[in-house]
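As provided, query17.tsv (TSV, C-alpha atoms) reads as follows.
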```
chain	number	residue	atom	x	y	z
A	680	MET	CA	-11.90	-2.59	27.35
A	681	LYS	CA	-10.28	-6.02	27.05
A	682	THR	CA	-11.80	-9.22	25.76
A	683	SER	CA	-11.12	-12.64	27.25
A	684	ILE	CA	-11.22	-15.09	24.34
A	685	ARG	CA	-7.99	-15.90	22.50
A	686	PRO	CA	-8.35	-14.30	19.03
A	687	ASP	CA	-8.56	-16.47	15.93
A	688	HIS	CA	-6.76	-14.04	13.64
A	689	ARG	CA	-7.07	-16.27	10.58
A	690	ALA	CA	-10.86	-16.40	10.94
A	691	LEU	CA	-11.10	-12.65	11.61
A	692	ALA	CA	-8.95	-11.83	8.58
A	693	GLU	CA	-11.04	-14.13	6.39
A	694	ALA	CA	-14.30	-12.64	7.69
A	695	LEU	CA	-13.03	-9.15	6.82
A	696	ARG	CA	-11.87	-10.27	3.37
A	697	ARG	CA	-15.17	-11.98	2.56
A	698	ARG	CA	-17.30	-9.07	3.74
A	699	VAL	CA	-15.40	-6.37	1.85
A	700	LEU	CA	-14.48	-8.26	-1.30
A	701	GLU	CA	-17.32	-10.78	-1.66
A	702	GLY	CA	-20.23	-9.24	0.24
A	703	PRO	CA	-22.93	-6.85	-0.93
A	704	GLY	CA	-22.07	-3.21	-1.57
A	705	GLU	CA	-22.74	-0.27	-3.84
A	706	THR	CA	-19.86	-1.30	-6.11
A	707	ARG	CA	-19.41	-4.52	-8.04
A	708	GLN	CA	-17.55	-7.28	-6.20
A	709	GLY	CA	-15.27	-7.65	-9.22
A	710	LEU	CA	-14.28	-3.99	-9.03
A	711	ARG	CA	-13.52	-4.24	-5.30
A	712	GLN	CA	-11.48	-7.39	-5.90
A	713	ALA	CA	-9.57	-5.77	-8.76
A	714	SER	CA	-8.83	-2.72	-6.57
A	715	ALA	CA	-7.58	-4.96	-3.77
A	716	GLU	CA	-5.38	-6.94	-6.15
A	717	ARG	CA	-4.00	-3.75	-7.68
A	718	ALA	CA	-3.07	-2.35	-4.26
A	719	ALA	CA	-1.27	-5.62	-3.57
A	720	GLY	CA	0.87	-5.16	-6.68
A	721	GLY	CA	-1.45	-7.00	-9.06
A	722	PRO	CA	-2.56	-6.17	-12.60
A	723	ALA	CA	-4.03	-2.82	-13.58
A	724	ALA	CA	-7.69	-2.32	-12.80
A	725	GLU	CA	-10.02	-0.26	-14.97
A	726	ALA	CA	-9.68	3.54	-15.02
A	727	PRO	CA	-10.03	5.63	-12.94
A	728	TYR	CA	-9.95	3.08	-10.11
A	729	ASP	CA	-6.53	1.78	-11.09
A	730	ASP	CA	-4.68	4.99	-10.27
A	731	LEU	CA	-6.20	5.36	-6.80
A	732	ALA	CA	-5.84	1.68	-5.89
A	733	ARG	CA	-2.21	1.57	-7.03
A	734	GLN	CA	-1.43	4.73	-5.08
A	735	ILE	CA	-3.06	3.38	-1.93
A	736	GLY	CA	-1.00	0.22	-2.20
A	737	GLU	CA	2.31	1.92	-2.96
A	738	ALA	CA	2.20	5.10	-0.86
A	739	ALA	CA	-1.22	6.14	0.45
A	740	HIS	CA	0.19	9.35	1.95
A	741	ARG	CA	0.67	10.56	-1.64
A	742	VAL	CA	-2.99	10.10	-2.61
A	743	THR	CA	-4.31	13.34	-4.08
A	744	ASP	CA	-7.69	15.07	-4.00
A	745	ALA	CA	-7.83	14.55	-7.77
A	746	GLN	CA	-7.38	10.77	-7.50
A	747	VAL	CA	-10.27	10.52	-5.02
A	748	SER	CA	-12.41	12.98	-7.02
A	749	SER	CA	-11.96	10.94	-10.19
A	750	VAL	CA	-13.30	7.85	-8.47
A	751	LEU	CA	-16.11	9.85	-6.88
A	752	THR	CA	-17.13	11.14	-10.31
A	753	ALA	CA	-17.04	7.63	-11.77
A	754	THR	CA	-19.04	6.02	-8.97
A	755	GLY	CA	-21.35	8.97	-8.34
A	756	SER	CA	-21.43	8.12	-4.65
A	757	GLU	CA	-19.27	8.71	-1.59
A	758	LYS	CA	-20.23	5.33	-0.20
A	759	ALA	CA	-19.07	3.59	-3.36
A	760	THR	CA	-15.84	5.60	-3.33
A	761	PHE	CA	-15.29	4.57	0.27
A	762	GLU	CA	-15.75	0.94	-0.77
A	763	ILE	CA	-12.97	1.26	-3.35
A	764	ILE	CA	-10.63	2.91	-0.81
A	765	ALA	CA	-11.42	0.25	1.81
A	766	ALA	CA	-10.92	-2.57	-0.70
A	767	ALA	CA	-7.56	-1.21	-1.84
A	768	ALA	CA	-6.34	-0.69	1.73
A	769	LEU	CA	-7.48	-4.21	2.56
A	770	GLY	CA	-5.68	-5.67	-0.43
A	771	ALA	CA	-2.38	-4.14	0.69
A	772	GLY	CA	-2.92	-5.32	4.28
A	773	LEU	CA	-3.90	-8.85	3.31
A	774	LEU	CA	-0.84	-9.17	1.08
A	775	ARG	CA	1.28	-8.53	4.19
A	776	TRP	CA	-0.85	-10.80	6.39
A	777	GLU	CA	-0.65	-13.71	3.95
A	778	GLN	CA	3.06	-13.33	3.24
A	779	ALA	CA	3.93	-13.11	6.95
A	780	MET	CA	1.76	-16.07	7.90
A	781	LYS	CA	3.25	-18.10	5.03
A	782	VAL	CA	6.82	-17.60	6.23
A	783	LEU	CA	5.84	-18.29	9.84
A	784	ASP	CA	4.00	-21.46	8.80
A	785	GLU	CA	7.09	-22.59	6.86
A	786	VAL	CA	9.20	-22.34	10.01
A	787	THR	CA	6.71	-23.81	12.47
A	788	ASN	CA	5.70	-26.66	10.14
A	789	ALA	CA	9.35	-27.52	9.52
A	790	SER	CA	10.07	-27.77	13.26
A	791	ALA	CA	6.85	-29.71	14.10
B	760	MET	CA	-11.38	14.47	5.13
B	761	ARG	CA	-11.85	13.86	1.43
B	762	LEU	CA	-15.36	12.38	1.70
B	763	PRO	CA	-17.65	14.88	3.46
B	764	GLU	CA	-20.35	12.28	4.09
B	765	ILE	CA	-17.94	10.43	6.43
B	766	GLU	CA	-17.29	13.64	8.31
B	767	ARG	CA	-21.03	14.39	8.66
B	768	GLY	CA	-22.14	10.83	9.28
B	769	ASP	CA	-24.40	8.71	7.08
B	770	GLY	CA	-27.94	8.92	8.37
B	771	PHE	CA	-29.64	10.95	11.05
B	772	ALA	CA	-28.70	8.60	13.92
B	773	ASN	CA	-24.98	8.71	13.09
B	774	ARG	CA	-25.00	12.50	12.67
B	775	LEU	CA	-26.64	12.80	16.08
B	776	LEU	CA	-24.16	10.35	17.61
B	777	ILE	CA	-21.15	12.22	16.18
B	778	SER	CA	-22.50	15.53	17.52
B	779	PHE	CA	-23.28	14.01	20.92
B	780	ILE	CA	-19.86	12.39	21.39
B	781	SER	CA	-18.09	15.56	20.24
B	782	MET	CA	-20.13	17.61	22.71
B	783	VAL	CA	-19.61	15.26	25.67
B	784	SER	CA	-15.89	14.77	24.99
B	785	GLY	CA	-15.32	18.48	24.36
B	786	MET	CA	-13.43	17.81	21.15
B	787	ARG	CA	-14.08	17.10	17.48
B	788	LEU	CA	-14.63	13.36	17.12
B	789	PRO	CA	-11.49	12.07	15.35
B	790	ASP	CA	-11.93	10.89	11.77
B	791	ALA	CA	-10.95	7.33	12.72
B	792	ALA	CA	-14.13	7.10	14.81
B	793	ARG	CA	-16.20	8.72	12.05
B	794	VAL	CA	-14.99	6.05	9.61
B	795	ALA	CA	-15.89	3.35	12.14
B	796	PHE	CA	-19.50	4.62	12.14
B	797	TYR	CA	-19.71	5.01	8.34
B	798	HIS	CA	-21.13	2.27	6.11
B	799	LYS	CA	-20.67	0.24	9.23
B	800	GLU	CA	-21.89	-3.19	8.17
B	801	PHE	CA	-19.60	-3.08	5.13
B	802	PHE	CA	-16.35	-2.19	6.87
B	803	GLY	CA	-16.57	-0.86	10.45
B	804	VAL	CA	-17.97	-4.05	11.93
B	805	PRO	CA	-15.55	-6.61	10.44
B	806	VAL	CA	-12.43	-4.41	10.70
B	807	GLY	CA	-13.45	-3.34	14.22
B	808	ALA	CA	-13.89	-6.94	15.32
B	809	TRP	CA	-10.40	-7.91	14.18
B	810	THR	CA	-8.82	-4.73	15.54
B	811	GLN	CA	-10.45	-5.17	18.95
B	812	ALA	CA	-9.22	-8.78	19.09
B	813	ALA	CA	-5.69	-7.86	17.99
B	814	MET	CA	-5.28	-4.79	20.20
B	815	ARG	CA	-7.22	-5.77	23.31
B	816	GLY	CA	-7.65	-9.55	23.17
B	817	PRO	CA	-5.52	-11.94	25.26
B	818	SER	CA	-1.93	-11.90	23.98
B	819	PRO	CA	1.65	-12.37	25.17
B	820	TRP	CA	2.02	-8.67	24.27
B	821	SER	CA	0.79	-5.93	26.59
B	822	VAL	CA	-1.63	-3.28	25.32
B	823	ALA	CA	1.27	-0.78	25.31
B	824	GLU	CA	3.46	-3.10	23.23
B	825	ARG	CA	0.70	-3.62	20.65
B	826	GLU	CA	0.00	0.11	20.50
B	827	LEU	CA	3.72	0.67	19.92
B	828	MET	CA	3.66	-1.83	17.05
B	829	ALA	CA	0.70	0.06	15.54
B	830	CYS	CA	2.56	3.32	16.01
B	831	MET	CA	5.65	1.99	14.23
B	832	VAL	CA	3.67	0.57	11.30
B	833	ALA	CA	2.11	4.04	11.04
B	834	LYS	CA	5.55	5.63	11.02
B	835	TRP	CA	6.77	3.30	8.26
B	836	ASN	CA	3.60	4.13	6.28
B	837	THR	CA	3.98	7.88	6.86
B	838	CYS	CA	0.62	8.17	8.61
B	839	ALA	CA	0.93	11.10	11.03
B	840	PHE	CA	-2.61	10.61	12.33
B	841	CYS	CA	-1.97	7.00	13.39
B	842	VAL	CA	1.47	7.81	14.84
B	843	GLY	CA	-0.20	10.48	16.98
B	844	ALA	CA	-3.17	8.35	17.98
B	845	HIS	CA	-1.36	5.15	18.87
B	846	GLY	CA	1.71	6.86	20.27
B	847	ALA	CA	-0.64	8.64	22.67
B	848	VAL	CA	-2.25	5.37	23.79
B	849	ALA	CA	1.17	3.73	24.29
B	850	ALA	CA	2.35	6.78	26.25
B	851	LYS	CA	-0.64	6.45	28.61
B	852	GLU	CA	0.51	2.92	29.44
B	853	MET	CA	4.32	3.32	29.46
B	854	GLN	CA	5.12	7.08	29.62
B	855	ARG	CA	6.07	9.34	26.73
B	856	PRO	CA	9.92	9.23	26.63
B	857	PRO	CA	10.25	5.52	25.73
B	858	VAL	CA	7.59	5.92	23.03
B	859	ASP	CA	9.59	8.74	21.49
B	860	GLU	CA	12.78	6.67	21.72
B	861	VAL	CA	11.09	3.78	19.91
B	862	LEU	CA	9.87	6.16	17.21
B	863	SER	CA	13.37	7.58	16.88
B	864	ASP	CA	15.15	4.20	16.70
B	865	PHE	CA	13.49	1.09	18.07
B	866	ARG	CA	16.75	-0.86	17.93
B	867	THR	CA	18.36	1.31	20.62
B	868	ALA	CA	15.19	2.12	22.61
B	869	PRO	CA	14.66	0.82	26.17
B	870	ILE	CA	12.28	-2.00	25.25
B	871	SER	CA	12.61	-5.78	25.50
B	872	GLY	CA	14.66	-7.78	23.03
B	873	ARG	CA	11.60	-9.75	21.97
B	874	LEU	CA	9.70	-6.54	21.15
B	875	LYS	CA	12.69	-5.30	19.12
B	876	SER	CA	12.70	-8.62	17.25
B	877	ALA	CA	8.97	-8.40	16.53
B	878	LEU	CA	9.39	-4.81	15.31
B	879	ALA	CA	12.27	-5.86	13.04
B	880	PHE	CA	9.97	-8.50	11.50
B	881	LEU	CA	7.14	-5.97	11.15
B	882	GLU	CA	9.47	-3.47	9.48
B	883	VAL	CA	10.20	-5.86	6.61
B	884	MET	CA	6.57	-6.97	6.46
B	885	THR	CA	5.40	-3.35	6.22
B	886	LEU	CA	7.97	-1.93	3.83
B	887	ARG	CA	9.08	-4.91	1.74
B	888	PRO	CA	6.47	-7.66	2.16
B	889	LYS	CA	7.67	-9.63	-0.85
B	890	ASP	CA	11.17	-9.81	0.68
B	891	LEU	CA	9.84	-11.45	3.84
B	892	LYS	CA	11.44	-14.88	4.21
B	893	ALA	CA	11.38	-17.76	6.65
B	894	GLU	CA	14.73	-16.45	7.94
B	895	HIS	CA	12.98	-13.36	9.30
B	896	ALA	CA	10.51	-15.52	11.22
B	897	LYS	CA	13.33	-17.76	12.47
B	898	THR	CA	15.25	-14.74	13.75
B	899	ALA	CA	12.22	-13.50	15.70
B	900	LEU	CA	11.49	-16.95	17.14
B	901	SER	CA	15.10	-17.48	18.17
B	902	ALA	CA	15.01	-14.11	20.01
B	903	GLY	CA	12.26	-15.43	22.28
B	904	VAL	CA	9.13	-14.43	20.37
B	905	SER	CA	6.75	-17.41	20.54
B	906	PRO	CA	4.87	-18.44	17.38
B	907	GLN	CA	1.63	-17.21	18.98
B	908	ALA	CA	3.20	-13.89	19.87
B	909	LEU	CA	4.48	-13.52	16.31
B	910	ILE	CA	1.00	-14.23	14.91
B	911	ASP	CA	-0.40	-11.54	17.22
B	912	ALA	CA	2.24	-9.07	16.05
B	913	ILE	CA	1.56	-9.95	12.40
B	914	ALA	CA	-2.15	-9.28	12.97
B	915	VAL	CA	-1.34	-5.81	14.35
B	916	GLY	CA	0.99	-5.19	11.40
B	917	ALA	CA	-1.60	-6.28	8.83
B	918	LEU	CA	-4.39	-4.26	10.41
B	919	PHE	CA	-2.37	-1.07	10.56
B	920	SER	CA	-1.21	-1.59	6.99
B	921	ILE	CA	-4.93	-1.28	6.23
B	922	VAL	CA	-5.84	1.48	8.70
B	923	THR	CA	-2.95	3.77	7.77
B	924	ARG	CA	-3.82	3.45	4.08
B	925	TYR	CA	-7.43	4.53	4.43
B	926	ALA	CA	-6.46	7.21	6.96
B	927	ASN	CA	-4.01	8.68	4.45
B	928	ALA	CA	-6.23	8.18	1.39
B	929	LEU	CA	-9.10	9.95	3.15
B	930	ASP	CA	-6.74	12.62	4.53
B	931	PHE	CA	-7.77	12.41	8.18
B	932	ALA	CA	-7.76	15.76	10.00
B	933	MET	CA	-4.92	16.02	12.54
B	934	PRO	CA	-6.02	16.47	16.16
B	935	THR	CA	-3.89	18.52	18.55
B	936	PRO	CA	-1.62	16.70	21.05
B	937	GLU	CA	-4.20	17.43	23.77
B	938	GLU	CA	-6.96	15.94	21.61
B	939	PHE	CA	-4.85	12.83	20.93
B	940	GLU	CA	-4.46	12.43	24.70
B	941	ARG	CA	-8.19	12.61	25.25
B	942	ALA	CA	-8.82	10.22	22.36
B	943	ALA	CA	-6.26	7.83	23.89
B	944	ASN	CA	-8.33	7.70	27.07
B	945	MET	CA	-11.37	6.79	24.98
B	946	LEU	CA	-9.45	4.08	23.09
B	947	LEU	CA	-8.23	2.57	26.36
B	948	LYS	CA	-11.69	2.63	27.87
B	949	ARG	CA	-13.85	1.71	24.89
B	950	GLY	CA	-11.52	-0.22	22.60
B	951	TYR	CA	-11.91	-0.56	18.84
B	952	ALA	CA	-15.07	-2.57	18.16
B	953	SER	CA	-17.75	-0.75	16.15
```

Produce structure tokens that represent the structure in this file.
Amino acid sequence: MKTSIRPDHRALAEALRRRVLEGPGETRQGLRQASAERAAGGPAAEAPYDDLARQIGEAAHRVTDAQVSSVLTATGSEKATFEIIAAAALGAGLLRWEQAMKVLDEVTNASA
Amino acid sequence: MRLPEIERGDGFANRLLISFISMVSGMRLPDAARVAFYHKEFFGVPVGAWTQAAMRGPSPWSVAERELMACMVAKWNTCAFCVGAHGAVAAKEMQRPPVDEVLSDFRTAPISGRLKSALAFLEVMTLRPKDLKAEHAKTALSAGVSPQALIDAIAVGALFSIVTRYANALDFAMPTPEEFERAANMLLKRGYAS
């Protein structure tokens, strides 16, 4: 299935960021934001979220059952654990989005 | 799957939907689709909207080229599930041998120079994002990738930097090659929106 309207990637990225990191959820917004920042190479988050978020940012294929279980125990909910995983994955993706768009903007603005 | 509630579905309607789709398709619904149904308003809807736009919206890149980009980002992120899923979709559109050649070495594969240039940009973006410089964008643009095309490629790269991470963190179950083929038909027909 194809769509016909030219995508506004900046708006779609921002909508995703706002929903996951600033919208309602089972976890605190601050915890989701800290997990996203950690996965993007930012400062340590609180335990046990820090270990999982860092691992998702650096090499998600090395995430262990124990890292996910620790967060599940701390949150007491699979939905909340999913929110932390989604936020960390998003943080790593948005780091790449923002860095790539910054360098492209530098080139296109310089030639405009 | 490390979170059983995603595998089962959250709520009666989603459990029924997962069972129904699995029955009709004759295969276990892949974990990527189960995640799309789970806690949907929180994540599935906004990530699905961007993914649908990036992978199926109007673009200078064909569907096969965008699926190849997704497949390569998955390879760089060591996500076997996403390599299998998006390689299968690309193979439906452009045959299997060139997909395998791209996976082996995109620089020598039989694809356009502009796609090679976009992939070279995405490789740095994926593996060493903080090393990405204006020079990398200039190189892609001078190889014939338009600014709009590069934005579209960056969107695919960013999205699959997200998708591969939750796929790996949740430890998605690996479908068989035949199941990936069937899932590819569904992705071509239905797209990515939740």

Calculate, to one decimal in Å, the centre and edge lengths of the box along x, y and z of the file that holds all listed atoms of stretch 785-791 of chain A with 8 Å of margin on each side, and present them as lines of an AutoDock Vina configuration file.
```
center_x = 7.9
center_y = -26.0
center_z = 10.5
size_x = 20.4
size_y = 23.4
size_z = 23.2
```

Dump as a Markdown table the rows for residues of chain B within 7 Å of chain A: closest atom pair and distance in Å with one decimal, only C-alpha atoms counted, ordered by chain and rising residue number.
```
| residue | atom | partner | partner_atom | distance |
| --- | --- | --- | --- | --- |
| B:Arg761 | CA | A:Asp744 | CA | 6.9 |
| B:Leu762 | CA | A:Glu757 | CA | 6.3 |
| B:Glu764 | CA | A:Glu757 | CA | 6.8 |
| B:Phe801 | CA | A:Val699 | CA | 6.3 |
| B:Phe802 | CA | A:Val699 | CA | 6.6 |
| B:Pro805 | CA | A:Leu695 | CA | 5.1 |
| B:Val806 | CA | A:Leu695 | CA | 6.2 |
| B:Trp809 | CA | A:Leu691 | CA | 5.4 |
| B:Ala812 | CA | A:Pro686 | CA | 5.6 |
| B:Arg815 | CA | A:Lys681 | CA | 4.8 |
| B:Gly816 | CA | A:Thr682 | CA | 4.9 |
| B:Pro817 | CA | A:Arg685 | CA | 5.4 |
| B:Thr837 | CA | A:His740 | CA | 6.4 |
| B:Cys838 | CA | A:His740 | CA | 6.8 |
| B:Met884 | CA | A:Arg775 | CA | 6.0 |
| B:Thr885 | CA | A:Arg775 | CA | 6.9 |
| B:Pro888 | CA | A:Arg775 | CA | 5.6 |
| B:Leu891 | CA | A:Ala779 | CA | 6.9 |
| B:Lys892 | CA | A:Val782 | CA | 5.7 |
| B:Ala893 | CA | A:Val782 | CA | 4.6 |
| B:Ala896 | CA | A:Leu783 | CA | 5.6 |
| B:Lys897 | CA | A:Val786 | CA | 6.6 |
| B:Ile913 | CA | A:Trp776 | CA | 6.5 |
| B:Ala914 | CA | A:His688 | CA | 6.7 |
| B:Ala917 | CA | A:Gly772 | CA | 4.8 |
| B:Leu918 | CA | A:Gly772 | CA | 6.4 |
| B:Ser920 | CA | A:Gly772 | CA | 4.9 |
| B:Ile921 | CA | A:Ala768 | CA | 4.8 |
| B:Arg924 | CA | A:Ala739 | CA | 5.2 |
| B:Tyr925 | CA | A:Ala768 | CA | 6.0 |
| B:Asn927 | CA | A:His740 | CA | 4.9 |
| B:Ala928 | CA | A:Ala739 | CA | 5.5 |
| B:Leu947 | CA | A:Met680 | CA | 6.4 |
| B:Lys948 | CA | A:Met680 | CA | 5.3 |
| B:Arg949 | CA | A:Met680 | CA | 5.3 |
| B:Gly950 | CA | A:Met680 | CA | 5.3 |
```

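Across the model, the gap from atom CA of A:Arg711 to atom CA of B:Ala829 is 25.6 Å.
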
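The space separating atom CA of B:Ala943 from atom CA of B:Val848 comes to 4.7 Å.
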